[in-house]
Amino acid sequence: MEDARVGTDRREKRLSRSRHLGGRFLLLPPGLEMAEEEGYLAVSGERITLQRRQHSASCREFLVRCPRLQLRSLSAVTCSVWLVAYGLFVLSQNSMVLSAAIFITLIGLLAYLHFVKIDQESLLIVGSLGIQMTSSYASGKESTTFIEMNQVKDVVINEAIYMQKVIYYLCILLQDPVEPHIVSEVVPLFQSSKPRLACLVEVYKSCQEILEQRKKS
């Protein structure tokens with residue numbers, strides 16, 4: 001009985017240390033930081049998820065899962081290509097037209113998954129090193145960009161015009177190496193997922209906390 005009571009107490013303590021978010025608890029194995037995941041909306045209105053991982057006080061990671069590939073859209077494009085190819089086949093009576101349509105469809109799909117469709121975007125900010133941005137494509141390919149912290153001037157939320165409406169996006173302001181008070185470049189974040197303002201504010205607050213810690217140190 002005592003062993004069962006001790007086990008129950010341990011589970012309750014571990015559960016009380018976890019933070020409740022969006023109606024769900026995420027408990028990781030001992031030795032790992034807890035990851036919090038919450039659902040948001042993209043600019044297009046599709047559902048996306050934001051996962052936050054706090055590795056230490058000055059190291060945090062944000063992962064945004066982009067909307068999934070819509071089977072309806074893929075089917076519509078494929079059917080359109082094949083219908084056009086079949087029409088050309090009827091007119092020309094050349095079977096090479098159908099073979100070319102199949103070949104173009106397969107190559108186009110592979111190129112889309114490898115170079116265009118992004119499944120996940122991540123932002124890793126380490127106060128003593130810098131900021132790393134990673135894009136994971138549907139084919140498994142990853143593209144990573146690293147910015148040293150001494151190049152970062154600030155992280156801000158900007159406004160932009162997209163599809164005849166005002167949207168917000170998170171960006172990194174890089175300072176000029178010669179004149180630090182001048183912004184030399186603006187690096188936008190989460191360009192594929194395009195989260196709405198509520199999601200951007202969560203990432204912005206955490207980035208500002210780490211930048212403030214760096215300024216104080």
# chains A, B, ... in the order shown; residues from 1 in each chain; ligands from 1
$ closest_atom_pairs --of "stretch 97-164 of chain A" --to "stretch 64-69 of chain A" --cutoff "7 Å" --atoms "only C-alpha atoms" --output "JSON lines"
{"residue": "A:Ile118", "atom": "CA", "partner": "A:Cys66", "partner_atom": "CA", "distance": 6.9}
{"residue": "A:Asp119", "atom": "CA", "partner": "A:Cys66", "partner_atom": "CA", "distance": 5.2}
{"residue": "A:Gln120", "atom": "CA", "partner": "A:Arg65", "partner_atom": "CA", "distance": 4.4}
{"residue": "A:Glu121", "atom": "CA", "partner": "A:Val64", "partner_atom": "CA", "distance": 5.2}
{"residue": "A:Ser122", "atom": "CA", "partner": "A:Val64", "partner_atom": "CA", "distance": 6.2}
$ residues_around --residues "stretch 139-150 of chain A" --least-positions-apart "2" --cutoff "10 Å" --atoms "only C-alpha atoms" --output "number ranges by chain"
A: 110-137, 152-154, 172, 174-175, 177, 180, 187, 211, 214
$ closest_residue --among "A:Ser92, A:Ser193, A:Ser99, A:Thr105" --to "A:Val77" --atoms "only C-alpha atoms"
A:Thr105
$ select_by_dssp --residues "stretch 172-204 of chain A" --states "strand (DSSP E)" --output "list in words"
Ile172, Leu173, Leu174, Gln175, Val183, Ser184, Glu185, Val186, Val187 and Pro188 of chain A
$ residues_around --residues "A:Cys171" --least-positions-apart "5" --cutoff "10 Å" --atoms "only C-alpha atoms" --output "list in words"
Asp154, Val155, Val156, Ile157, Asn158, Glu185, Val186, Val187, Pro188, Leu189, Phe190, Gln191, Leu200 and Tyr204 of chain A
$ write_last_selection --atoms "N, CA and C atoms" --output "short mmCIF file (atom, residue, chain, number, x, y, z; two decimals), in the first residue's frame"
data_model
loop_
_atom_site.label_atom_id
_atom_site.label_comp_id
_atom_site.auth_asym_id
_atom_site.auth_seq_id
_atom_site.Cartn_x
_atom_site.Cartn_y
_atom_site.Cartn_z
N ASP A 154 17.01 43.33 -33.12
CA ASP A 154 15.74 43.18 -32.41
C ASP A 154 14.88 42.16 -33.15
N VAL A 155 13.83 41.70 -32.46
CA VAL A 155 12.80 40.84 -33.05
C VAL A 155 11.48 41.59 -32.91
N VAL A 156 10.81 41.85 -34.02
CA VAL A 156 9.60 42.67 -34.00
C VAL A 156 8.49 42.00 -34.80
N ILE A 157 7.28 42.54 -34.63
CA ILE A 157 6.12 42.13 -35.43
C ILE A 157 5.79 43.27 -36.37
N ASN A 158 5.82 42.98 -37.67
CA ASN A 158 5.56 43.99 -38.69
C ASN A 158 4.20 43.75 -39.35
N GLU A 185 19.15 44.65 -42.58
CA GLU A 185 18.35 43.64 -43.25
C GLU A 185 17.20 43.20 -42.36
N VAL A 186 16.10 42.82 -42.99
CA VAL A 186 14.93 42.31 -42.28
C VAL A 186 14.71 40.86 -42.72
N VAL A 187 14.73 39.94 -41.76
CA VAL A 187 14.58 38.51 -42.04
C VAL A 187 13.21 38.05 -41.54
N PRO A 188 12.26 37.79 -42.42
CA PRO A 188 10.92 37.33 -41.98
C PRO A 188 10.95 35.88 -41.51
N LEU A 189 10.07 35.55 -40.58
CA LEU A 189 9.98 34.20 -40.02
C LEU A 189 8.62 33.59 -40.33
N PHE A 190 8.57 32.27 -40.38
CA PHE A 190 7.34 31.50 -40.58
C PHE A 190 6.59 31.97 -41.83
N GLN A 191 7.31 32.07 -42.92
CA GLN A 191 6.72 32.56 -44.16
C GLN A 191 5.81 31.53 -44.84
N LEU A 200 1.90 34.74 -33.22
CA LEU A 200 3.14 35.51 -33.30
C LEU A 200 3.48 36.19 -31.98
N TYR A 204 6.94 36.10 -29.96
CA TYR A 204 7.58 37.40 -29.76
C TYR A 204 7.93 37.64 -28.29
#
$ closest_residue --among "A:Ile48, A:Val97, A:Ala57, A:Ala35" --to "A:Glu209" --atoms "only C-alpha atoms"
A:Ala57
$ closest_residue --among "A:Asp176, A:Gln51, A:Ser217, A:Ala101" --to "A:Gly87" --atoms "only C-alpha atoms"
A:Ala101
$ residues_around --residues "A:Leu98" --least-positions-apart "5" --cutoff "12 Å" --atoms "only C-alpha atoms" --output "short mmCIF file (atom, residue, chain, number, x, y, z; two decimals) with N, CA, C and O atoms, in the first residue's frame"
data_model
loop_
_atom_site.label_atom_id
_atom_site.label_comp_id
_atom_site.auth_asym_id
_atom_site.auth_seq_id
_atom_site.Cartn_x
_atom_site.Cartn_y
_atom_site.Cartn_z
N VAL A 81 -4.62 18.11 -65.51
CA VAL A 81 -3.52 17.79 -66.41
C VAL A 81 -3.87 16.60 -67.30
O VAL A 81 -3.63 16.60 -68.52
N TRP A 82 -4.45 15.57 -66.71
CA TRP A 82 -4.77 14.37 -67.48
C TRP A 82 -5.91 14.61 -68.47
O TRP A 82 -5.94 14.02 -69.55
N LEU A 83 -6.87 15.46 -68.12
CA LEU A 83 -7.96 15.76 -69.05
C LEU A 83 -7.44 16.53 -70.26
O LEU A 83 -7.84 16.27 -71.40
N VAL A 84 -6.53 17.49 -69.99
CA VAL A 84 -5.92 18.21 -71.11
C VAL A 84 -5.12 17.26 -71.99
O VAL A 84 -5.18 17.32 -73.24
N ALA A 85 -4.37 16.36 -71.35
CA ALA A 85 -3.57 15.39 -72.12
C ALA A 85 -4.47 14.46 -72.93
O ALA A 85 -4.16 14.14 -74.08
N TYR A 86 -5.60 14.05 -72.36
CA TYR A 86 -6.50 13.16 -73.10
C TYR A 86 -7.13 13.89 -74.29
O TYR A 86 -7.31 13.31 -75.37
N GLY A 87 -7.44 15.18 -74.10
CA GLY A 87 -7.97 15.96 -75.21
C GLY A 87 -6.97 16.09 -76.34
O GLY A 87 -7.33 15.94 -77.53
N LEU A 88 -5.71 16.31 -75.98
CA LEU A 88 -4.67 16.38 -77.02
C LEU A 88 -4.47 15.03 -77.69
O LEU A 88 -4.18 14.95 -78.90
N PHE A 89 -4.62 13.95 -76.92
CA PHE A 89 -4.48 12.61 -77.50
C PHE A 89 -5.59 12.33 -78.52
O PHE A 89 -5.34 11.74 -79.58
N VAL A 90 -6.81 12.76 -78.19
CA VAL A 90 -7.92 12.56 -79.12
C VAL A 90 -7.69 13.32 -80.42
O VAL A 90 -7.99 12.83 -81.51
N SER A 92 -4.67 14.41 -81.63
CA SER A 92 -3.44 14.04 -82.35
C SER A 92 -3.29 12.54 -82.56
O SER A 92 -2.50 12.10 -83.41
N GLN A 93 -4.03 11.73 -81.79
CA GLN A 93 -3.91 10.27 -81.85
C GLN A 93 -2.46 9.81 -81.62
O GLN A 93 -2.00 8.84 -82.20
N PHE A 103 4.33 11.47 -66.94
CA PHE A 103 5.69 11.84 -66.54
C PHE A 103 5.71 13.24 -65.92
O PHE A 103 6.34 13.46 -64.88
N ILE A 104 5.01 14.18 -66.54
CA ILE A 104 4.99 15.56 -66.01
C ILE A 104 4.31 15.60 -64.65
O ILE A 104 4.75 16.31 -63.74
N THR A 105 3.25 14.82 -64.48
CA THR A 105 2.55 14.80 -63.19
C THR A 105 3.44 14.28 -62.07
O THR A 105 3.51 14.86 -60.98
#
$ select_by_dssp --residues "stretch 30-197 of chain A" --states "helix (DSSP H, G or I)" --output "JSON, numbers by chain"
{"A": [71, 72, 73, 74, 75, 76, 77, 78, 79, 80, 81, 82, 83, 84, 85, 86, 87, 88, 89, 90, 91, 92, 96, 97, 98, 99, 100, 101, 102, 103, 104, 105, 106, 107, 108, 109, 110, 111, 112, 113, 114, 115, 116, 149, 150, 151, 197]}
$ write_last_selection --atoms "N, CA and C atoms" --output "compact mmCIF listing (two decimals), in the first residue's frame"
# COMPACT_ATOMS: atom_id res chain seq x y z
N LEU A 71 -5.66 16.81 -50.20
CA LEU A 71 -5.84 15.80 -51.24
C LEU A 71 -6.79 16.28 -52.33
N ARG A 72 -7.75 17.11 -51.96
CA ARG A 72 -8.70 17.62 -52.94
C ARG A 72 -8.00 18.49 -53.98
N SER A 73 -7.10 19.37 -53.51
CA SER A 73 -6.38 20.24 -54.44
C SER A 73 -5.45 19.44 -55.34
N LEU A 74 -4.76 18.45 -54.74
CA LEU A 74 -3.86 17.61 -55.52
C LEU A 74 -4.63 16.82 -56.59
N SER A 75 -5.78 16.31 -56.22
CA SER A 75 -6.59 15.54 -57.17
C SER A 75 -7.10 16.44 -58.30
N ALA A 76 -7.47 17.67 -57.95
CA ALA A 76 -7.98 18.59 -58.97
C ALA A 76 -6.91 18.93 -60.00
N VAL A 77 -5.69 19.19 -59.52
CA VAL A 77 -4.60 19.51 -60.45
C VAL A 77 -4.28 18.31 -61.33
N THR A 78 -4.20 17.12 -60.72
CA THR A 78 -3.88 15.91 -61.49
C THR A 78 -4.94 15.63 -62.55
N CYS A 79 -6.20 15.75 -62.17
CA CYS A 79 -7.28 15.50 -63.14
C CYS A 79 -7.26 16.52 -64.27
N SER A 80 -6.94 17.77 -63.94
CA SER A 80 -6.89 18.80 -64.98
C SER A 80 -5.80 18.51 -66.00
N VAL A 81 -4.62 18.11 -65.51
CA VAL A 81 -3.52 17.79 -66.41
C VAL A 81 -3.87 16.60 -67.30
N TRP A 82 -4.45 15.57 -66.71
CA TRP A 82 -4.77 14.37 -67.48
C TRP A 82 -5.91 14.61 -68.47
N LEU A 83 -6.87 15.46 -68.12
CA LEU A 83 -7.96 15.76 -69.05
C LEU A 83 -7.44 16.53 -70.26
N VAL A 84 -6.53 17.49 -69.99
CA VAL A 84 -5.92 18.21 -71.11
C VAL A 84 -5.12 17.26 -71.99
N ALA A 85 -4.37 16.36 -71.35
CA ALA A 85 -3.57 15.39 -72.12
C ALA A 85 -4.47 14.46 -72.93
N TYR A 86 -5.60 14.05 -72.36
CA TYR A 86 -6.50 13.16 -73.10
C TYR A 86 -7.13 13.89 -74.29
N GLY A 87 -7.44 15.18 -74.10
CA GLY A 87 -7.97 15.96 -75.21
C GLY A 87 -6.97 16.09 -76.34
N LEU A 88 -5.71 16.31 -75.98
CA LEU A 88 -4.67 16.38 -77.02
C LEU A 88 -4.47 15.03 -77.69
N PHE A 89 -4.62 13.95 -76.92
CA PHE A 89 -4.48 12.61 -77.50
C PHE A 89 -5.59 12.33 -78.52
N VAL A 90 -6.81 12.76 -78.19
CA VAL A 90 -7.92 12.56 -79.12
C VAL A 90 -7.69 13.32 -80.42
N LEU A 91 -7.13 14.53 -80.29
CA LEU A 91 -6.90 15.33 -81.50
C LEU A 91 -5.72 14.82 -82.32
N SER A 92 -4.67 14.41 -81.63
CA SER A 92 -3.44 14.04 -82.35
C SER A 92 -3.29 12.54 -82.56
N MET A 96 2.13 9.25 -77.15
CA MET A 96 3.19 9.91 -76.39
C MET A 96 2.64 11.05 -75.54
N VAL A 97 1.50 11.58 -75.92
CA VAL A 97 0.90 12.67 -75.13
C VAL A 97 0.50 12.17 -73.75
N LEU A 98 -0.10 10.99 -73.69
CA LEU A 98 -0.50 10.43 -72.40
C LEU A 98 0.72 10.08 -71.55
N SER A 99 1.73 9.52 -72.17
CA SER A 99 2.96 9.20 -71.43
C SER A 99 3.60 10.45 -70.88
N ALA A 100 3.61 11.51 -71.69
CA ALA A 100 4.20 12.78 -71.23
C ALA A 100 3.40 13.36 -70.08
N ALA A 101 2.06 13.21 -70.10
CA ALA A 101 1.23 13.73 -69.01
C ALA A 101 1.53 13.02 -67.70
N ILE A 102 1.66 11.70 -67.76
CA ILE A 102 2.00 10.94 -66.55
C ILE A 102 3.38 11.34 -66.03
N PHE A 103 4.33 11.47 -66.94
CA PHE A 103 5.69 11.84 -66.54
C PHE A 103 5.71 13.24 -65.92
N ILE A 104 5.01 14.18 -66.54
CA ILE A 104 4.99 15.56 -66.01
C ILE A 104 4.31 15.60 -64.65
N THR A 105 3.25 14.82 -64.48
CA THR A 105 2.55 14.80 -63.19
C THR A 105 3.44 14.28 -62.07
N LEU A 106 4.14 13.18 -62.34
CA LEU A 106 5.02 12.61 -61.31
C LEU A 106 6.18 13.54 -60.98
N ILE A 107 6.82 14.11 -62.01
CA ILE A 107 7.95 15.02 -61.77
C ILE A 107 7.48 16.27 -61.04
N GLY A 108 6.32 16.78 -61.44
CA GLY A 108 5.79 17.97 -60.78
C GLY A 108 5.47 17.73 -59.32
N LEU A 109 4.90 16.56 -59.00
CA LEU A 109 4.58 16.24 -57.61
C LEU A 109 5.84 16.10 -56.77
N LEU A 110 6.85 15.41 -57.31
CA LEU A 110 8.11 15.26 -56.57
C LEU A 110 8.79 16.61 -56.35
N ALA A 111 8.78 17.46 -57.36
CA ALA A 111 9.39 18.79 -57.23
C ALA A 111 8.64 19.63 -56.20
N TYR A 112 7.31 19.51 -56.20
CA TYR A 112 6.51 20.26 -55.23
C TYR A 112 6.81 19.83 -53.81
N LEU A 113 6.90 18.52 -53.58
CA LEU A 113 7.17 18.02 -52.23
C LEU A 113 8.58 18.32 -51.77
N HIS A 114 9.52 18.42 -52.71
CA HIS A 114 10.94 18.59 -52.36
C HIS A 114 11.36 20.05 -52.26
N PHE A 115 10.70 20.92 -53.01
CA PHE A 115 11.15 22.31 -53.08
C PHE A 115 10.12 23.34 -52.60
N VAL A 116 8.86 22.95 -52.51
CA VAL A 116 7.80 23.93 -52.21
C VAL A 116 7.07 23.63 -50.91
N MET A 149 24.13 35.97 -32.74
CA MET A 149 23.40 36.88 -31.88
C MET A 149 23.94 38.31 -31.94
N ASN A 150 25.23 38.46 -32.22
CA ASN A 150 25.77 39.82 -32.30
C ASN A 150 25.30 40.57 -33.54
N GLN A 151 24.64 39.86 -34.47
CA GLN A 151 24.07 40.52 -35.65
C GLN A 151 22.62 40.92 -35.44
N LEU A 197 -1.82 36.80 -35.66
CA LEU A 197 -1.18 37.63 -34.65
C LEU A 197 -1.10 36.93 -33.29
$ atom_distance --atom1 "atom CA of A:Val43" --atom2 "atom CA of A:Lys194"
5.8 Å
$ decode --residues "stretch 144-157 of chain A" --atoms "all heavy atoms" --output "PDB file, in the first residue's frame"
ATOM      1  N   THR A 144      18.334  25.056 -43.374  1.00  0.00           N
ATOM      2  CA  THR A 144      18.651  25.708 -42.109  1.00  0.00           C
ATOM      3  C   THR A 144      19.423  27.000 -42.347  1.00  0.00           C
ATOM      4  O   THR A 144      20.322  27.049 -43.188  1.00  0.00           O
ATOM      5  CB  THR A 144      19.489  24.777 -41.205  1.00  0.00           C
ATOM      6  OG1 THR A 144      18.768  23.568 -40.982  1.00  0.00           O
ATOM      7  CG2 THR A 144      19.790  25.439 -39.870  1.00  0.00           C
ATOM      8  N   THR A 145      19.054  28.024 -41.598  1.00  0.00           N
ATOM      9  CA  THR A 145      19.751  29.314 -41.627  1.00  0.00           C
ATOM     10  C   THR A 145      20.090  29.709 -40.195  1.00  0.00           C
ATOM     11  O   THR A 145      19.241  29.626 -39.307  1.00  0.00           O
ATOM     12  CB  THR A 145      18.874  30.408 -42.264  1.00  0.00           C
ATOM     13  OG1 THR A 145      18.503  30.009 -43.582  1.00  0.00           O
ATOM     14  CG2 THR A 145      19.632  31.730 -42.335  1.00  0.00           C
ATOM     15  N   PHE A 146      21.338  30.134 -39.989  1.00  0.00           N
ATOM     16  CA  PHE A 146      21.792  30.530 -38.653  1.00  0.00           C
ATOM     17  C   PHE A 146      22.245  31.988 -38.661  1.00  0.00           C
ATOM     18  O   PHE A 146      22.959  32.419 -39.573  1.00  0.00           O
ATOM     19  CB  PHE A 146      22.937  29.636 -38.176  1.00  0.00           C
ATOM     20  CG  PHE A 146      23.436  29.980 -36.799  1.00  0.00           C
ATOM     21  CD1 PHE A 146      22.728  29.579 -35.678  1.00  0.00           C
ATOM     22  CD2 PHE A 146      24.594  30.714 -36.622  1.00  0.00           C
ATOM     23  CE1 PHE A 146      23.175  29.902 -34.404  1.00  0.00           C
ATOM     24  CE2 PHE A 146      25.048  31.039 -35.358  1.00  0.00           C
ATOM     25  CZ  PHE A 146      24.337  30.620 -34.245  1.00  0.00           C
ATOM     26  N   ILE A 147      21.807  32.735 -37.655  1.00  0.00           N
ATOM     27  CA  ILE A 147      22.187  34.139 -37.500  1.00  0.00           C
ATOM     28  C   ILE A 147      22.860  34.304 -36.146  1.00  0.00           C
ATOM     29  O   ILE A 147      22.271  33.944 -35.111  1.00  0.00           O
ATOM     30  CB  ILE A 147      20.966  35.063 -37.600  1.00  0.00           C
ATOM     31  CG1 ILE A 147      20.270  34.900 -38.955  1.00  0.00           C
ATOM     32  CG2 ILE A 147      21.366  36.522 -37.397  1.00  0.00           C
ATOM     33  CD1 ILE A 147      18.990  35.692 -39.080  1.00  0.00           C
ATOM     34  N   GLU A 148      24.071  34.808 -36.137  1.00  0.00           N
ATOM     35  CA  GLU A 148      24.780  35.034 -34.875  1.00  0.00           C
ATOM     36  C   GLU A 148      24.083  36.128 -34.066  1.00  0.00           C
ATOM     37  O   GLU A 148      23.537  37.083 -34.613  1.00  0.00           O
ATOM     38  CB  GLU A 148      26.232  35.430 -35.145  1.00  0.00           C
ATOM     39  CG  GLU A 148      27.050  34.322 -35.790  1.00  0.00           C
ATOM     40  CD  GLU A 148      28.496  34.731 -35.992  1.00  0.00           C
ATOM     41  OE1 GLU A 148      28.848  35.869 -35.612  1.00  0.00           O
ATOM     42  OE2 GLU A 148      29.264  33.918 -36.520  1.00  0.00           O
ATOM     43  N   MET A 149      24.127  35.973 -32.738  1.00  0.00           N
ATOM     44  CA  MET A 149      23.396  36.884 -31.883  1.00  0.00           C
ATOM     45  C   MET A 149      23.936  38.311 -31.941  1.00  0.00           C
ATOM     46  O   MET A 149      23.176  39.269 -31.769  1.00  0.00           O
ATOM     47  CB  MET A 149      23.434  36.373 -30.433  1.00  0.00           C
ATOM     48  CG  MET A 149      22.479  37.114 -29.497  1.00  0.00           C
ATOM     49  SD  MET A 149      20.748  37.061 -30.046  1.00  0.00           S
ATOM     50  CE  MET A 149      20.330  35.372 -29.650  1.00  0.00           C
ATOM     51  N   ASN A 150      25.231  38.465 -32.218  1.00  0.00           N
ATOM     52  CA  ASN A 150      25.771  39.822 -32.298  1.00  0.00           C
ATOM     53  C   ASN A 150      25.304  40.573 -33.544  1.00  0.00           C
ATOM     54  O   ASN A 150      25.526  41.773 -33.669  1.00  0.00           O
ATOM     55  CB  ASN A 150      27.305  39.797 -32.249  1.00  0.00           C
ATOM     56  CG  ASN A 150      27.901  38.923 -33.343  1.00  0.00           C
ATOM     57  OD1 ASN A 150      27.215  38.509 -34.278  1.00  0.00           O
ATOM     58  ND2 ASN A 150      29.181  38.620 -33.220  1.00  0.00           N
ATOM     59  N   GLN A 151      24.636  39.864 -34.471  1.00  0.00           N
ATOM     60  CA  GLN A 151      24.070  40.522 -35.649  1.00  0.00           C
ATOM     61  C   GLN A 151      22.616  40.921 -35.441  1.00  0.00           C
ATOM     62  O   GLN A 151      22.061  41.670 -36.244  1.00  0.00           O
ATOM     63  CB  GLN A 151      24.163  39.600 -36.866  1.00  0.00           C
ATOM     64  CG  GLN A 151      25.586  39.251 -37.275  1.00  0.00           C
ATOM     65  CD  GLN A 151      25.618  38.292 -38.454  1.00  0.00           C
ATOM     66  OE1 GLN A 151      24.654  37.564 -38.708  1.00  0.00           O
ATOM     67  NE2 GLN A 151      26.715  38.289 -39.176  1.00  0.00           N
ATOM     68  N   VAL A 152      22.007  40.397 -34.382  1.00  0.00           N
ATOM     69  CA  VAL A 152      20.584  40.635 -34.142  1.00  0.00           C
ATOM     70  C   VAL A 152      20.400  41.956 -33.411  1.00  0.00           C
ATOM     71  O   VAL A 152      20.947  42.158 -32.321  1.00  0.00           O
ATOM     72  CB  VAL A 152      19.962  39.484 -33.330  1.00  0.00           C
ATOM     73  CG1 VAL A 152      18.492  39.769 -33.036  1.00  0.00           C
ATOM     74  CG2 VAL A 152      20.112  38.171 -34.075  1.00  0.00           C
ATOM     75  N   LYS A 153      19.614  42.828 -34.014  1.00  0.00           N
ATOM     76  CA  LYS A 153      19.287  44.098 -33.373  1.00  0.00           C
ATOM     77  C   LYS A 153      18.015  43.980 -32.552  1.00  0.00           C
ATOM     78  O   LYS A 153      17.947  44.468 -31.420  1.00  0.00           O
ATOM     79  CB  LYS A 153      19.137  45.203 -34.422  1.00  0.00           C
ATOM     80  CG  LYS A 153      18.834  46.583 -33.839  1.00  0.00           C
ATOM     81  CD  LYS A 153      18.790  47.634 -34.932  1.00  0.00           C
ATOM     82  CE  LYS A 153      18.476  49.003 -34.369  1.00  0.00           C
ATOM     83  NZ  LYS A 153      19.512  49.457 -33.411  1.00  0.00           N
ATOM     84  N   ASP A 154      17.008  43.331 -33.123  1.00  0.00           N
ATOM     85  CA  ASP A 154      15.744  43.175 -32.413  1.00  0.00           C
ATOM     86  C   ASP A 154      14.880  42.158 -33.146  1.00  0.00           C
ATOM     87  O   ASP A 154      15.153  41.783 -34.288  1.00  0.00           O
ATOM     88  CB  ASP A 154      15.012  44.514 -32.322  1.00  0.00           C
ATOM     89  CG  ASP A 154      14.005  44.542 -31.180  1.00  0.00           C
ATOM     90  OD1 ASP A 154      13.823  43.503 -30.515  1.00  0.00           O
ATOM     91  OD2 ASP A 154      13.399  45.604 -30.956  1.00  0.00           O
ATOM     92  N   VAL A 155      13.831  41.700 -32.464  1.00  0.00           N
ATOM     93  CA  VAL A 155      12.799  40.844 -33.052  1.00  0.00           C
ATOM     94  C   VAL A 155      11.480  41.592 -32.909  1.00  0.00           C
ATOM     95  O   VAL A 155      11.077  41.930 -31.791  1.00  0.00           O
ATOM     96  CB  VAL A 155      12.726  39.470 -32.355  1.00  0.00           C
ATOM     97  CG1 VAL A 155      11.589  38.634 -32.936  1.00  0.00           C
ATOM     98  CG2 VAL A 155      14.044  38.725 -32.511  1.00  0.00           C
ATOM     99  N   VAL A 156      10.805  41.849 -34.016  1.00  0.00           N
ATOM    100  CA  VAL A 156       9.601  42.671 -33.999  1.00  0.00           C
ATOM    101  C   VAL A 156       8.490  42.005 -34.801  1.00  0.00           C
ATOM    102  O   VAL A 156       8.719  41.048 -35.551  1.00  0.00           O
ATOM    103  CB  VAL A 156       9.874  44.086 -34.576  1.00  0.00           C
ATOM    104  CG1 VAL A 156      10.936  44.807 -33.759  1.00  0.00           C
ATOM    105  CG2 VAL A 156      10.304  43.989 -36.037  1.00  0.00           C
ATOM    106  N   ILE A 157       7.284  42.537 -34.631  1.00  0.00           N
ATOM    107  CA  ILE A 157       6.123  42.129 -35.425  1.00  0.00           C
ATOM    108  C   ILE A 157       5.791  43.271 -36.374  1.00  0.00           C
ATOM    109  O   ILE A 157       5.504  44.382 -35.935  1.00  0.00           O
ATOM    110  CB  ILE A 157       4.916  41.796 -34.532  1.00  0.00           C
ATOM    111  CG1 ILE A 157       5.248  40.606 -33.623  1.00  0.00           C
ATOM    112  CG2 ILE A 157       3.685  41.485 -35.374  1.00  0.00           C
ATOM    113  CD1 ILE A 157       4.117  40.237 -32.670  1.00  0.00           C
TER     114      ILE A 157
END
